[in-house]
file my_file.cif (mmCIF, C-alpha atoms)
data_target
#
loop_
_atom_site.group_PDB
_atom_site.id
_atom_site.type_symbol
_atom_site.label_atom_id
_atom_site.label_comp_id
_atom_site.auth_asym_id
_atom_site.auth_seq_id
_atom_site.Cartn_x
_atom_site.Cartn_y
_atom_site.Cartn_z
ATOM 1 C CA MET H 279 60.977 4.735 21.652
ATOM 2 C CA THR H 280 62.530 7.253 19.293
ATOM 3 C CA ASP H 281 62.820 9.844 22.062
ATOM 4 C CA ALA H 282 64.503 7.276 24.289
ATOM 5 C CA ILE H 283 66.978 6.398 21.571
ATOM 6 C CA GLU H 284 67.771 10.074 21.024
ATOM 7 C CA GLN H 285 68.515 10.268 24.741
ATOM 8 C CA ALA H 286 70.815 7.244 24.484
ATOM 9 C CA LEU H 287 72.634 8.903 21.585
ATOM 10 C CA GLY H 288 73.064 12.080 23.600
ATOM 11 C CA GLU H 289 75.503 10.360 25.955
ATOM 12 C CA ILE H 290 77.699 8.921 23.201
ATOM 13 C CA ARG H 291 80.696 10.969 22.131
ATOM 14 C CA PHE H 292 81.169 10.405 18.424
ATOM 15 C CA ASP H 293 84.571 11.346 17.005
ATOM 16 C CA ALA H 294 85.349 14.018 14.409
ATOM 17 C CA ASP H 295 84.166 11.622 11.684
ATOM 18 C CA GLY H 296 80.906 10.987 13.560
ATOM 19 C CA LEU H 297 81.979 7.477 14.555
ATOM 20 C CA VAL H 298 82.458 5.469 17.713
ATOM 21 C CA PRO H 299 84.318 2.146 18.036
ATOM 22 C CA ALA H 300 81.997 -0.752 18.868
ATOM 23 C CA ILE H 301 83.232 -3.996 20.421
ATOM 24 C CA ALA H 302 81.007 -7.037 19.941
ATOM 25 C CA GLN H 303 81.178 -9.673 22.659
ATOM 26 C CA GLN H 304 79.254 -12.954 22.879
ATOM 27 C CA HIS H 305 76.972 -12.297 25.851
ATOM 28 C CA ASP H 306 77.276 -15.673 27.593
ATOM 29 C CA THR H 307 80.800 -16.905 26.864
ATOM 30 C CA GLY H 308 82.497 -13.506 26.999
ATOM 31 C CA GLU H 309 84.344 -14.124 23.729
ATOM 32 C CA VAL H 310 85.323 -10.912 21.978
ATOM 33 C CA LEU H 311 84.068 -11.396 18.437
ATOM 34 C CA MET H 312 85.022 -8.268 16.510
ATOM 35 C CA MET H 313 85.465 -4.528 16.534
ATOM 36 C CA ALA H 314 83.678 -2.276 14.078
ATOM 37 C CA TRP H 315 82.441 1.308 13.884
ATOM 38 C CA MET H 316 79.055 2.893 14.413
ATOM 39 C CA ASN H 317 77.675 6.281 13.475
ATOM 40 C CA ARG H 318 74.523 7.770 15.039
ATOM 41 C CA GLU H 319 72.271 6.029 12.565
ATOM 42 C CA ALA H 320 73.921 2.648 13.208
ATOM 43 C CA VAL H 321 73.301 3.014 16.953
ATOM 44 C CA ARG H 322 69.730 4.070 16.242
ATOM 45 C CA VAL H 323 69.096 1.033 14.018
ATOM 46 C CA THR H 324 70.804 -1.324 16.481
ATOM 47 C CA LEU H 325 68.589 -0.186 19.361
ATOM 48 C CA ALA H 326 65.419 0.004 17.298
ATOM 49 C CA GLU H 327 65.833 -3.391 15.604
ATOM 50 C CA GLY H 328 67.642 -5.260 18.392
ATOM 51 C CA ARG H 329 70.326 -6.378 15.937
ATOM 52 C CA ALA H 330 73.839 -5.064 15.511
ATOM 53 C CA CYS H 331 74.220 -2.541 12.718
ATOM 54 C CA TYR H 332 77.567 -0.901 11.946
ATOM 55 C CA TRP H 333 78.935 1.747 9.627
ATOM 56 C CA SER H 334 81.216 0.423 6.944
ATOM 57 C CA ARG H 335 84.065 2.908 6.574
ATOM 58 C CA SER H 336 85.299 1.265 3.372
ATOM 59 C CA ARG H 337 81.906 1.122 1.668
ATOM 60 C CA GLN H 338 80.456 4.207 3.413
ATOM 61 C CA VAL H 339 77.128 2.508 4.056
ATOM 62 C CA LEU H 340 75.161 1.180 7.015
ATOM 63 C CA TRP H 341 75.915 -2.488 7.425
ATOM 64 C CA ARG H 342 73.389 -4.670 9.201
ATOM 65 C CA LYS H 343 75.635 -7.470 10.428
ATOM 66 C CA GLY H 344 74.594 -10.677 8.691
ATOM 67 C CA GLU H 345 72.581 -9.047 5.910
ATOM 68 C CA THR H 346 74.700 -10.821 3.292
ATOM 69 C CA SER H 347 76.181 -13.709 5.259
ATOM 70 C CA GLY H 348 73.212 -14.532 7.494
ATOM 71 C CA GLN H 349 75.528 -14.346 10.522
ATOM 72 C CA VAL H 350 73.296 -11.996 12.508
ATOM 73 C CA GLN H 351 74.147 -10.513 15.912
ATOM 74 C CA GLN H 352 71.092 -10.327 18.156
ATOM 75 C CA LEU H 353 71.559 -7.514 20.661
ATOM 76 C CA HIS H 354 71.435 -8.424 24.340
ATOM 77 C CA GLU H 355 72.712 -5.158 25.745
ATOM 78 C CA LEU H 356 74.459 -1.982 24.667
ATOM 79 C CA ARG H 357 77.017 -0.636 27.117
ATOM 80 C CA LEU H 358 78.948 2.608 27.158
ATOM 81 C CA ASP H 359 82.318 3.340 28.676
ATOM 82 C CA CYS H 360 83.257 5.967 31.266
ATOM 83 C CA ASP H 361 84.097 8.715 28.806
ATOM 84 C CA GLY H 362 81.327 7.798 26.390
ATOM 85 C CA ASP H 363 83.541 7.245 23.375
ATOM 86 C CA THR H 364 83.413 3.443 23.025
ATOM 87 C CA VAL H 365 80.442 1.087 23.050
ATOM 88 C CA LEU H 366 80.323 -2.573 23.962
ATOM 89 C CA LEU H 367 77.646 -4.715 22.358
ATOM 90 C CA LEU H 368 76.695 -7.881 24.186
ATOM 91 C CA VAL H 369 75.277 -10.031 21.428
ATOM 92 C CA ASP H 370 74.184 -13.489 20.525
ATOM 93 C CA GLN H 371 76.216 -14.267 17.422
ATOM 94 C CA ALA H 372 74.609 -16.633 14.940
ATOM 95 C CA GLY H 373 77.318 -18.771 13.368
ATOM 96 C CA VAL H 374 80.527 -16.800 12.968
ATOM 97 C CA ALA H 375 81.523 -13.157 13.303
ATOM 98 C CA CYS H 376 84.539 -13.139 10.989
ATOM 99 C CA HIS H 377 84.419 -12.882 7.198
ATOM 100 C CA THR H 378 87.076 -15.626 7.115
ATOM 101 C CA GLY H 379 84.512 -18.047 8.561
ATOM 102 C CA ARG H 380 86.003 -18.003 12.039
ATOM 103 C CA ARG H 381 83.964 -17.445 15.162
ATOM 104 C CA SER H 382 86.054 -14.417 16.223
ATOM 105 C CA CYS H 383 88.082 -11.960 14.167
ATOM 106 C CA PHE H 384 90.865 -12.156 16.782
ATOM 107 C CA PHE H 385 92.338 -15.455 15.634
ATOM 108 C CA ARG H 386 95.994 -14.410 15.523
ATOM 109 C CA ALA H 387 98.030 -14.499 18.729
ATOM 110 C CA TRP H 388 101.573 -13.267 19.215
ATOM 111 C CA ARG H 389 103.490 -16.241 20.588
ATOM 112 C CA GLY H 390 106.960 -14.976 21.342
ATOM 113 C CA SER H 391 108.357 -14.702 17.849
ATOM 114 C CA ALA H 392 105.497 -15.135 15.403
ATOM 115 C CA TRP H 393 101.786 -14.662 14.880
ATOM 116 C CA ALA H 394 100.090 -18.009 15.513
ATOM 117 C CA THR H 395 96.703 -18.815 14.007
ATOM 118 C CA ILE H 396 94.760 -20.059 17.013
ATOM 119 C CA ALA H 397 91.375 -20.811 15.418
ATOM 120 C CA GLY H 398 90.256 -22.236 12.122
ATOM 121 C CA PRO H 399 87.242 -21.473 9.957
ATOM 122 C CA LEU H 400 83.969 -23.078 11.031
ATOM 123 C CA ILE H 401 82.263 -22.141 7.771
ATOM 124 C CA ASP H 402 83.716 -21.889 4.274
ATOM 125 C CA PRO H 403 83.871 -18.150 3.430
ATOM 126 C CA GLU H 404 82.551 -19.040 -0.025
ATOM 127 C CA ARG H 405 79.335 -20.099 1.691
ATOM 128 C CA LEU H 406 79.158 -16.837 3.624
ATOM 129 C CA TYR H 407 79.639 -14.633 0.594
ATOM 130 C CA PRO H 408 78.691 -16.543 -2.545
ATOM 131 C CA ARG H 409 80.049 -14.980 -5.705
ATOM 132 C CA GLN H 410 77.522 -13.287 -7.899
ATOM 133 C CA ALA H 411 76.351 -15.414 -10.832
ATOM 134 C CA LYS H 412 77.915 -14.140 -14.035
ATOM 135 C CA MET X 150 113.606 -10.019 20.781
ATOM 136 C CA THR X 151 113.655 -6.633 19.079
ATOM 137 C CA ASP X 152 113.627 -8.236 15.625
ATOM 138 C CA ALA X 153 110.679 -10.400 16.622
ATOM 139 C CA ILE X 154 108.778 -7.379 17.881
ATOM 140 C CA GLU X 155 109.470 -5.538 14.633
ATOM 141 C CA GLN X 156 107.973 -8.519 12.842
ATOM 142 C CA ALA X 157 104.880 -8.385 15.079
ATOM 143 C CA LEU X 158 104.521 -4.684 14.302
ATOM 144 C CA GLY X 159 104.737 -5.382 10.591
ATOM 145 C CA GLU X 160 101.367 -7.132 10.619
ATOM 146 C CA ILE X 161 99.550 -4.344 12.449
ATOM 147 C CA ARG X 162 97.821 -1.738 10.312
ATOM 148 C CA PHE X 163 98.074 1.542 12.160
ATOM 149 C CA ASP X 164 95.660 4.262 11.047
ATOM 150 C CA ALA X 165 96.523 7.638 9.491
ATOM 151 C CA ASP X 166 97.396 8.943 12.975
ATOM 152 C CA GLY X 167 99.675 5.949 13.582
ATOM 153 C CA LEU X 168 97.246 4.404 16.070
ATOM 154 C CA VAL X 169 95.352 1.170 16.526
ATOM 155 C CA PRO X 170 92.437 0.555 18.911
ATOM 156 C CA ALA X 171 93.324 -1.844 21.710
ATOM 157 C CA ILE X 172 90.711 -3.753 23.692
ATOM 158 C CA ALA X 173 91.786 -5.003 27.126
ATOM 159 C CA GLN X 174 90.064 -8.140 28.375
ATOM 160 C CA GLN X 175 90.607 -9.967 31.658
ATOM 161 C CA HIS X 176 92.202 -13.212 30.485
ATOM 162 C CA ASP X 177 90.322 -15.653 32.738
ATOM 163 C CA THR X 178 86.875 -14.145 33.272
ATOM 164 C CA GLY X 179 86.491 -12.655 29.778
ATOM 165 C CA GLU X 180 85.387 -9.307 31.156
ATOM 166 C CA VAL X 181 86.038 -6.452 28.739
ATOM 167 C CA LEU X 182 87.850 -3.892 30.849
ATOM 168 C CA MET X 183 88.543 -0.917 28.592
ATOM 169 C CA MET X 184 89.421 0.329 25.143
ATOM 170 C CA ALA X 185 92.416 2.541 24.523
ATOM 171 C CA TRP X 186 94.837 3.341 21.707
ATOM 172 C CA MET X 187 98.338 2.161 20.907
ATOM 173 C CA ASN X 188 100.979 3.517 18.591
ATOM 174 C CA ARG X 189 103.979 1.476 17.390
ATOM 175 C CA GLU X 190 106.004 2.371 20.462
ATOM 176 C CA ALA X 191 103.169 1.379 22.813
ATOM 177 C CA VAL X 192 102.968 -2.068 21.187
ATOM 178 C CA ARG X 193 106.760 -2.361 21.382
ATOM 179 C CA VAL X 194 106.798 -1.495 25.097
ATOM 180 C CA THR X 195 103.837 -3.797 25.819
ATOM 181 C CA LEU X 196 105.551 -6.786 24.215
ATOM 182 C CA ALA X 197 108.995 -5.994 25.617
ATOM 183 C CA GLU X 198 107.839 -5.342 29.188
ATOM 184 C CA GLY X 199 104.874 -7.735 29.325
ATOM 185 C CA ARG X 200 102.640 -4.957 30.657
ATOM 186 C CA ALA X 201 100.014 -2.964 28.812
ATOM 187 C CA CYS X 202 101.217 0.392 27.549
ATOM 188 C CA TYR X 203 98.954 2.733 25.590
ATOM 189 C CA TRP X 204 99.180 6.040 23.791
ATOM 190 C CA SER X 205 97.280 8.836 25.475
ATOM 191 C CA ARG X 206 95.669 10.874 22.723
ATOM 192 C CA SER X 207 94.724 13.676 25.130
ATOM 193 C CA ARG X 208 98.151 13.977 26.733
ATOM 194 C CA GLN X 209 100.130 12.819 23.663
ATOM 195 C CA VAL X 210 102.404 10.600 25.717
ATOM 196 C CA LEU X 211 103.021 6.896 26.231
ATOM 197 C CA TRP X 212 100.975 5.719 29.161
ATOM 198 C CA ARG X 213 102.073 2.606 31.022
ATOM 199 C CA LYS X 214 98.761 1.477 32.492
ATOM 200 C CA GLY X 215 99.021 1.711 36.272
ATOM 201 C CA GLU X 216 102.073 3.963 36.377
ATOM 202 C CA THR X 217 100.152 6.513 38.475
ATOM 203 C CA SER X 218 97.329 4.426 39.915
ATOM 204 C CA GLY X 219 99.205 1.164 40.486
ATOM 205 C CA GLN X 220 96.445 -0.681 38.585
ATOM 206 C CA VAL X 221 98.816 -2.533 36.268
ATOM 207 C CA GLN X 222 97.747 -4.819 33.416
ATOM 208 C CA GLN X 223 100.042 -7.821 33.119
ATOM 209 C CA LEU X 224 100.014 -9.066 29.530
ATOM 210 C CA HIS X 225 98.920 -12.650 28.933
ATOM 211 C CA GLU X 226 98.562 -12.498 25.174
ATOM 212 C CA LEU X 227 98.347 -10.001 22.354
ATOM 213 C CA ARG X 228 95.886 -10.878 19.595
ATOM 214 C CA LEU X 229 95.265 -9.294 16.226
ATOM 215 C CA ASP X 230 92.096 -9.260 14.176
ATOM 216 C CA CYS X 231 91.554 -10.462 10.619
ATOM 217 C CA ASP X 232 92.357 -7.181 8.930
ATOM 218 C CA GLY X 233 95.102 -6.255 11.353
ATOM 219 C CA ASP X 234 93.632 -2.962 12.490
ATOM 220 C CA THR X 235 92.512 -3.821 16.034
ATOM 221 C CA VAL X 236 94.380 -5.561 18.834
ATOM 222 C CA LEU X 237 92.989 -7.497 21.762
ATOM 223 C CA LEU X 238 95.055 -7.641 24.932
ATOM 224 C CA LEU X 239 94.379 -10.529 27.258
ATOM 225 C CA VAL X 240 95.575 -9.183 30.573
ATOM 226 C CA ASP X 241 95.574 -9.785 34.269
ATOM 227 C CA GLN X 242 94.214 -6.546 35.671
ATOM 228 C CA ALA X 243 95.436 -5.592 39.118
ATOM 229 C CA GLY X 244 92.607 -3.892 40.989
ATOM 230 C CA VAL X 245 90.488 -1.839 38.631
ATOM 231 C CA ALA X 246 90.769 -0.709 35.006
ATOM 232 C CA CYS X 247 88.599 2.398 35.185
ATOM 233 C CA HIS X 248 89.706 5.802 36.442
ATOM 234 C CA THR X 249 86.360 5.997 38.295
ATOM 235 C CA GLY X 250 87.489 3.107 40.502
ATOM 236 C CA ARG X 251 85.330 0.540 38.744
ATOM 237 C CA ARG X 252 86.619 -2.786 37.535
ATOM 238 C CA SER X 253 85.533 -2.104 33.925
ATOM 239 C CA CYS X 254 85.035 1.156 32.044
ATOM 240 C CA PHE X 255 81.809 -0.261 30.539
ATOM 241 C CA PHE X 256 79.607 0.291 33.578
ATOM 242 C CA ARG X 257 76.677 1.973 31.827
ATOM 243 C CA ALA X 258 74.033 -0.191 30.163
ATOM 244 C CA TRP X 259 71.140 0.976 28.035
ATOM 245 C CA ARG X 260 68.043 -0.471 29.673
ATOM 246 C CA GLY X 261 65.159 0.462 27.405
ATOM 247 C CA SER X 262 64.817 4.124 28.206
ATOM 248 C CA ALA X 263 67.848 5.181 30.231
ATOM 249 C CA TRP X 264 71.501 4.493 30.901
ATOM 250 C CA ALA X 265 71.713 2.357 34.043
ATOM 251 C CA THR X 266 74.867 2.271 36.149
ATOM 252 C CA ILE X 267 75.484 -1.454 36.553
ATOM 253 C CA ALA X 268 78.668 -1.419 38.639
ATOM 254 C CA GLY X 269 79.970 0.701 41.454
ATOM 255 C CA PRO X 270 83.500 1.811 42.344
ATOM 256 C CA LEU X 271 85.645 -0.750 44.141
ATOM 257 C CA ILE X 272 88.289 1.824 44.969
ATOM 258 C CA ASP X 273 87.888 5.510 45.768
ATOM 259 C CA PRO X 274 89.256 7.417 42.729
ATOM 260 C CA GLU X 275 90.955 9.768 45.182
ATOM 261 C CA ARG X 276 93.083 6.826 46.236
ATOM 262 C CA LEU X 277 93.939 5.995 42.618
ATOM 263 C CA TYR X 278 94.983 9.515 41.719
ATOM 264 C CA PRO X 279 95.899 11.411 44.878
ATOM 265 C CA ARG X 280 96.002 15.144 44.371
ATOM 266 C CA GLN X 281 99.422 16.703 44.349
ATOM 267 C CA ALA X 282 100.427 18.234 47.670
ATOM 268 C CA LYS X 283 100.266 22.018 47.440
#
call {"tool": "encode", "arguments": {"input": "my_file.cif", "output": "structure tokens"}}
result
Amino acid sequence: MTDAIEQALGEIRFDADGLVPAIAQQHDTGEVLMMAWMNREAVRVTLAEGRACYWSRSRQVLWRKGETSGQVQQLHELRLDCDGDTVLLLVDQAGVACHTGRRSCFFRAWRGSAWATIAGPLIDPERLYPRQAK
Amino acid sequence: MTDAIEQALGEIRFDADGLVPAIAQQHDTGEVLMMAWMNREAVRVTLAEGRACYWSRSRQVLWRKGETSGQVQQLHELRLDCDGDTVLLLVDQAGVACHTGRRSCFFRAWRGSAWATIAGPLIDPERLYPRQAK
């Protein structure tokens, strides 16, 4: 298993910061849910655990999607593009992908002269990320 | 028109290199075709001309998708994610998106222990990018 994953990693071209962009797509509907970043360890964890794990650039930590919010992404398939520098994760998204409570992070559409909000929250963000008790 | 586009650009958070990742998705089937990069001018051209235009990081030039290969991406809608640092282009892809002649650049899938090629070329790459006559 580990050897196989090392082989998978060998084909991925990480950038100068050791990262690769990762697009998450709902496997059956085709909806693009979000874009995040992965380092080698995030890819390793994703393949080993069968759940999407990213690298948080702002917090500089591995980020198992859903670890706080419960909105887990079960991995269906990891795909790699022609030049090996972008990955596509086909996932089964539990609940919502976006921290705003929306299904997809791409909820703003340019409609001629303004950004239109084309989807509303399905879950109250307060429920996704409850504030710490004081 | 120009003012509106400037307003659109104002919501996009370009990175330190002045770039934003852009995911191209076939508008009706949902197929993720490719990932490329856009700078401010590429977004401007895309919105003004209604055709996908990217920034080639390797060649350091604007790259109107299809200008050499004829495989144009007609823009249906430009979407922006929650934190404004990734765009999603819903497009109508003429022919193929990938320089290998495949419909999508994501034609390699990790199947347990190896990368499997899950799609073949629809067009001979030689026909997409004919060599210069000597």
call {"tool": "atom_distance", "arguments": {"input": "my_file.cif", "atom1": "CA of Trp341 (chain H)", "atom2": "CA of Trp259 (chain X)"}}
result
21.4 Å
call {"tool": "resolve_selection", "arguments": {"input": "my_file.cif", "expression": "the PyMOL selection byres ((chain X) within 6 of (chain H))", "output": "PDB file with C-alpha atoms, keeping the file's coordinate frame"}}
result
ATOM      1  CA  ALA X 153     110.679 -10.400  16.622  1.00  0.00           C
ATOM      2  CA  GLY X 179      86.491 -12.655  29.778  1.00  0.00           C
ATOM      3  CA  LEU X 227      98.347 -10.001  22.354  1.00  0.00           C
ATOM      4  CA  ARG X 228      95.886 -10.878  19.595  1.00  0.00           C
ATOM      5  CA  LEU X 229      95.265  -9.294  16.226  1.00  0.00           C
ATOM      6  CA  ASP X 230      92.096  -9.260  14.176  1.00  0.00           C
ATOM      7  CA  CYS X 231      91.554 -10.462  10.619  1.00  0.00           C
ATOM      8  CA  CYS X 254      85.035   1.156  32.044  1.00  0.00           C
ATOM      9  CA  PHE X 255      81.809  -0.261  30.539  1.00  0.00           C
ATOM     10  CA  ARG X 257      76.677   1.973  31.827  1.00  0.00           C
ATOM     11  CA  ALA X 258      74.033  -0.191  30.163  1.00  0.00           C
ATOM     12  CA  TRP X 259      71.140   0.976  28.035  1.00  0.00           C
ATOM     13  CA  SER X 262      64.817   4.124  28.206  1.00  0.00           C
TER      14      SER X 262
END
call {"tool": "closest_residue", "arguments": {"input": "my_file.cif", "among": "H:Gly328, H:Pro399, H:Gly373, H:Gly348", "to": "Gln304 (chain H)", "atoms": "only C-alpha atoms"}}
result
H:Gly373
call {"tool": "closest_residue", "arguments": {"input": "my_file.cif", "among": "X:Ala201, X:Val245, X:Ala191, X:Leu158", "to": "Gln220 (chain X)", "atoms": "only C-alpha atoms"}}
result
X:Val245
call {"tool": "atom_distance", "arguments": {"input": "my_file.cif", "atom1": "CA of His176 (chain X)", "atom2": "CA of Ala243 (chain X)"}}
result
12.0 Å
call {"tool": "atom_distance", "arguments": {"input": "my_file.cif", "atom1": "CA of Glu190 (chain X)", "atom2": "CA of Ala294 (chain H)"}}
result
24.5 Å
call {"tool": "closest_residue", "arguments": {"input": "my_file.cif", "among": "H:Ala326, H:Val298, H:Met316, H:Ile290", "to": "Val339 (chain H)", "atoms": "only C-alpha atoms"}}
result
H:Met316
call {"tool": "residues_around", "arguments": {"input": "my_file.cif", "residues": "Thr346 (chain H)", "least_positions_apart": "6", "cutoff": "10 Å", "atoms": "all atoms listed in the file", "output": "PyMOL selection string"}}
result
chain H and resi 406-408
call {"tool": "residues_around", "arguments": {"input": "my_file.cif", "residues": "Cys202 (chain X)", "least_positions_apart": "6", "cutoff": "7 Å", "atoms": "all atoms listed in the file", "output": "number ranges by chain"}}
result
X: 191, 194-195, 211-214
call {"tool": "closest_residue", "arguments": {"input": "my_file.cif", "among": "X:Arg162, X:Arg208, X:Arg200, X:Gly167", "to": "Asp241 (chain X)", "atoms": "only C-alpha atoms"}}
result
X:Arg200
